[in-house]
Amino acid sequence: MLVLCACLIYRKSKRGQHTVLTYSRKSSYVNSGFSPLSDPPGNNDLEGILSPSILSAPLQTVLDNLDVLEELVILLDPESQGVKNTKHLASLCSFPATWITYTYSMRESKSPLKAVLEGVTCRHPDLTVGYMAKLLRHMERNDAIAVLRKLGEDVMIV
């Protein structure tokens, strides 16, 4: 009996000493129909992707270009598992959760992305396309950044 007690005490004292902690990370969502943008080596800036004229263009330019806006709406408004969308963009722009929920409830009549962009440009008319591109980069939405390239023709005309 004494040996059994000693064995149990010994095992309890050793418990946890050889525990190996493992961490497994869920893999990121990969959209097979989309190839991520690649920056030039050593350049983590958006200037390698978008021209300086696009980056410095007023954010209102996105609202004015209906083709670009429509593509962004198609990419960012849907709620997909594992993909950041307009809700995340609105949150990064400091819109309250109740407002975000409301805009999504009204999406049959108006795009949540369009509402976010209108709200941001109304509050901060000096914001640029570069600001939006940085938010999209933070959200890992290079597909949406690629759409912003199409603003190049409009920006050159202005």
# chains A, B, ... in the order shown; residues from 1 in each chain; ligands from 1
$ residues_around --residues "Ala144 (chain A)" --least-positions-apart "5" --cutoff "8 Å" --atoms "only C-alpha atoms" --output "JSON, numbers by chain"
{"A": [72, 75, 76, 136]}
$ atom_distance --atom1 "CA of Leu59 (chain A)" --atom2 "CA of Gly119 (chain A)"
11.1 Å
$ closest_atom_pairs --of "region 95-154 of chain A" --to "region 51-54 of chain A" --cutoff "12 Å" --atoms "only C-alpha atoms" --output "CSV"
residue,atom,partner,partner_atom,distance
A:Thr128,CA,A:Ile54,CA,8.5
A:Val129,CA,A:Ile54,CA,6.5
A:Gly130,CA,A:Ile54,CA,7.3
A:Tyr131,CA,A:Ile54,CA,10.8
A:Met132,CA,A:Ile54,CA,11.0
A:Ala133,CA,A:Ile54,CA,9.9
A:Ile145,CA,A:Ile54,CA,11.1
A:Ala146,CA,A:Ser51,CA,11.5
A:Val147,CA,A:Ile54,CA,11.5
A:Leu148,CA,A:Ile54,CA,7.9
A:Arg149,CA,A:Ile54,CA,7.4
A:Lys150,CA,A:Ile54,CA,9.1
A:Leu151,CA,A:Ile54,CA,6.6
A:Gly152,CA,A:Ile54,CA,6.0
A:Glu153,CA,A:Ile54,CA,9.3
A:Asp154,CA,A:Ile54,CA,9.1
$ write_last_selection --atoms "C-alpha atoms" --output "PDB file, in the first residue's frame"
ATOM      1  CA  THR A 128      -7.866  59.973 -50.600  1.00  0.00           C
ATOM      2  CA  VAL A 129      -8.095  56.724 -52.523  1.00  0.00           C
ATOM      3  CA  GLY A 130      -4.747  55.910 -50.893  1.00  0.00           C
ATOM      4  CA  TYR A 131      -6.461  55.920 -47.503  1.00  0.00           C
ATOM      5  CA  MET A 132      -9.003  53.377 -48.733  1.00  0.00           C
ATOM      6  CA  ALA A 133      -6.244  51.305 -50.330  1.00  0.00           C
ATOM      7  CA  ILE A 145      -7.057  47.142 -54.466  1.00  0.00           C
ATOM      8  CA  ALA A 146      -6.644  45.780 -57.992  1.00  0.00           C
ATOM      9  CA  VAL A 147     -10.059  47.219 -58.899  1.00  0.00           C
ATOM     10  CA  LEU A 148      -8.874  50.658 -57.765  1.00  0.00           C
ATOM     11  CA  ARG A 149      -6.308  50.553 -60.603  1.00  0.00           C
ATOM     12  CA  LYS A 150      -9.197  51.162 -63.000  1.00  0.00           C
ATOM     13  CA  LEU A 151      -9.535  54.673 -61.569  1.00  0.00           C
ATOM     14  CA  GLY A 152      -6.391  55.591 -63.513  1.00  0.00           C
ATOM     15  CA  GLU A 153      -8.231  56.735 -66.623  1.00  0.00           C
ATOM     16  CA  ASP A 154     -10.589  59.015 -64.646  1.00  0.00           C
TER      17      ASP A 154
END
$ residues_around --residues "Leu117 (chain A)" --least-positions-apart "4" --cutoff "10 Å" --atoms "only C-alpha atoms" --output "list in words"
Leu59, Gln60, Val62, Leu63, Leu69, Thr86, Leu89, Ala90, Cys93, Pro112, Leu113, Thr121, Cys122, Arg123 and Met132 of chain A
$ residues_around --residues "Pro78 (chain A)" --least-positions-apart "5" --cutoff "10 Å" --atoms "only C-alpha atoms" --output "list in words"
Val73, Val83, Lys84, Asn85, Thr86, Lys87, Tyr104 and Pro112 of chain A
$ atom_distance --atom1 "CA of Thr61 (chain A)" --atom2 "CA of Glu79 (chain A)"
25.1 Å
$ atom_distance --atom1 "CA of Asp126 (chain A)" --atom2 "CA of Ser109 (chain A)"
27.8 Å
$ decode --residues "region 44-85 of chain A" --atoms "C-alpha atoms" --output "PDB file, in the first residue's frame"
ATOM      1  CA  ASN A  44       5.742  47.123 -49.017  1.00  0.00           C
ATOM      2  CA  ASP A  45       4.086  50.325 -50.176  1.00  0.00           C
ATOM      3  CA  LEU A  46       1.003  50.717 -52.305  1.00  0.00           C
ATOM      4  CA  GLU A  47       2.907  52.831 -54.849  1.00  0.00           C
ATOM      5  CA  GLY A  48       4.075  49.637 -56.520  1.00  0.00           C
ATOM      6  CA  ILE A  49       0.448  48.703 -57.146  1.00  0.00           C
ATOM      7  CA  LEU A  50      -1.364  52.017 -57.679  1.00  0.00           C
ATOM      8  CA  SER A  51      -0.008  55.102 -59.366  1.00  0.00           C
ATOM      9  CA  PRO A  52       0.664  58.195 -57.239  1.00  0.00           C
ATOM     10  CA  SER A  53      -2.156  60.019 -59.068  1.00  0.00           C
ATOM     11  CA  ILE A  54      -4.650  57.334 -58.016  1.00  0.00           C
ATOM     12  CA  LEU A  55      -3.354  57.250 -54.431  1.00  0.00           C
ATOM     13  CA  SER A  56      -3.687  61.020 -54.094  1.00  0.00           C
ATOM     14  CA  ALA A  57      -7.105  61.248 -55.811  1.00  0.00           C
ATOM     15  CA  PRO A  58     -10.030  62.238 -53.567  1.00  0.00           C
ATOM     16  CA  LEU A  59     -12.025  59.298 -52.194  1.00  0.00           C
ATOM     17  CA  GLN A  60     -15.054  60.807 -53.934  1.00  0.00           C
ATOM     18  CA  THR A  61     -13.483  59.530 -57.176  1.00  0.00           C
ATOM     19  CA  VAL A  62     -14.512  55.993 -56.207  1.00  0.00           C
ATOM     20  CA  LEU A  63     -18.140  57.094 -55.808  1.00  0.00           C
ATOM     21  CA  ASP A  64     -18.040  58.983 -59.106  1.00  0.00           C
ATOM     22  CA  ASN A  65     -16.761  56.016 -61.134  1.00  0.00           C
ATOM     23  CA  LEU A  66     -19.797  53.718 -61.312  1.00  0.00           C
ATOM     24  CA  ASP A  67     -17.900  50.821 -62.925  1.00  0.00           C
ATOM     25  CA  VAL A  68     -15.288  50.730 -60.167  1.00  0.00           C
ATOM     26  CA  LEU A  69     -17.920  51.224 -57.480  1.00  0.00           C
ATOM     27  CA  GLU A  70     -20.007  48.351 -58.845  1.00  0.00           C
ATOM     28  CA  GLU A  71     -17.012  45.994 -58.888  1.00  0.00           C
ATOM     29  CA  LEU A  72     -16.116  46.941 -55.314  1.00  0.00           C
ATOM     30  CA  VAL A  73     -19.727  46.367 -54.224  1.00  0.00           C
ATOM     31  CA  ILE A  74     -19.664  42.895 -55.796  1.00  0.00           C
ATOM     32  CA  LEU A  75     -16.403  42.080 -54.000  1.00  0.00           C
ATOM     33  CA  LEU A  76     -16.972  43.682 -50.602  1.00  0.00           C
ATOM     34  CA  ASP A  77     -20.700  43.641 -49.799  1.00  0.00           C
ATOM     35  CA  PRO A  78     -21.318  39.859 -49.640  1.00  0.00           C
ATOM     36  CA  GLU A  79     -20.904  38.169 -46.277  1.00  0.00           C
ATOM     37  CA  SER A  80     -18.543  35.234 -46.841  1.00  0.00           C
ATOM     38  CA  GLN A  81     -16.997  33.077 -44.168  1.00  0.00           C
ATOM     39  CA  GLY A  82     -13.355  34.005 -43.600  1.00  0.00           C
ATOM     40  CA  VAL A  83     -13.314  36.992 -45.958  1.00  0.00           C
ATOM     41  CA  LYS A  84     -13.309  40.556 -44.675  1.00  0.00           C
ATOM     42  CA  ASN A  85     -16.023  42.692 -46.211  1.00  0.00           C
TER      43      ASN A  85
END
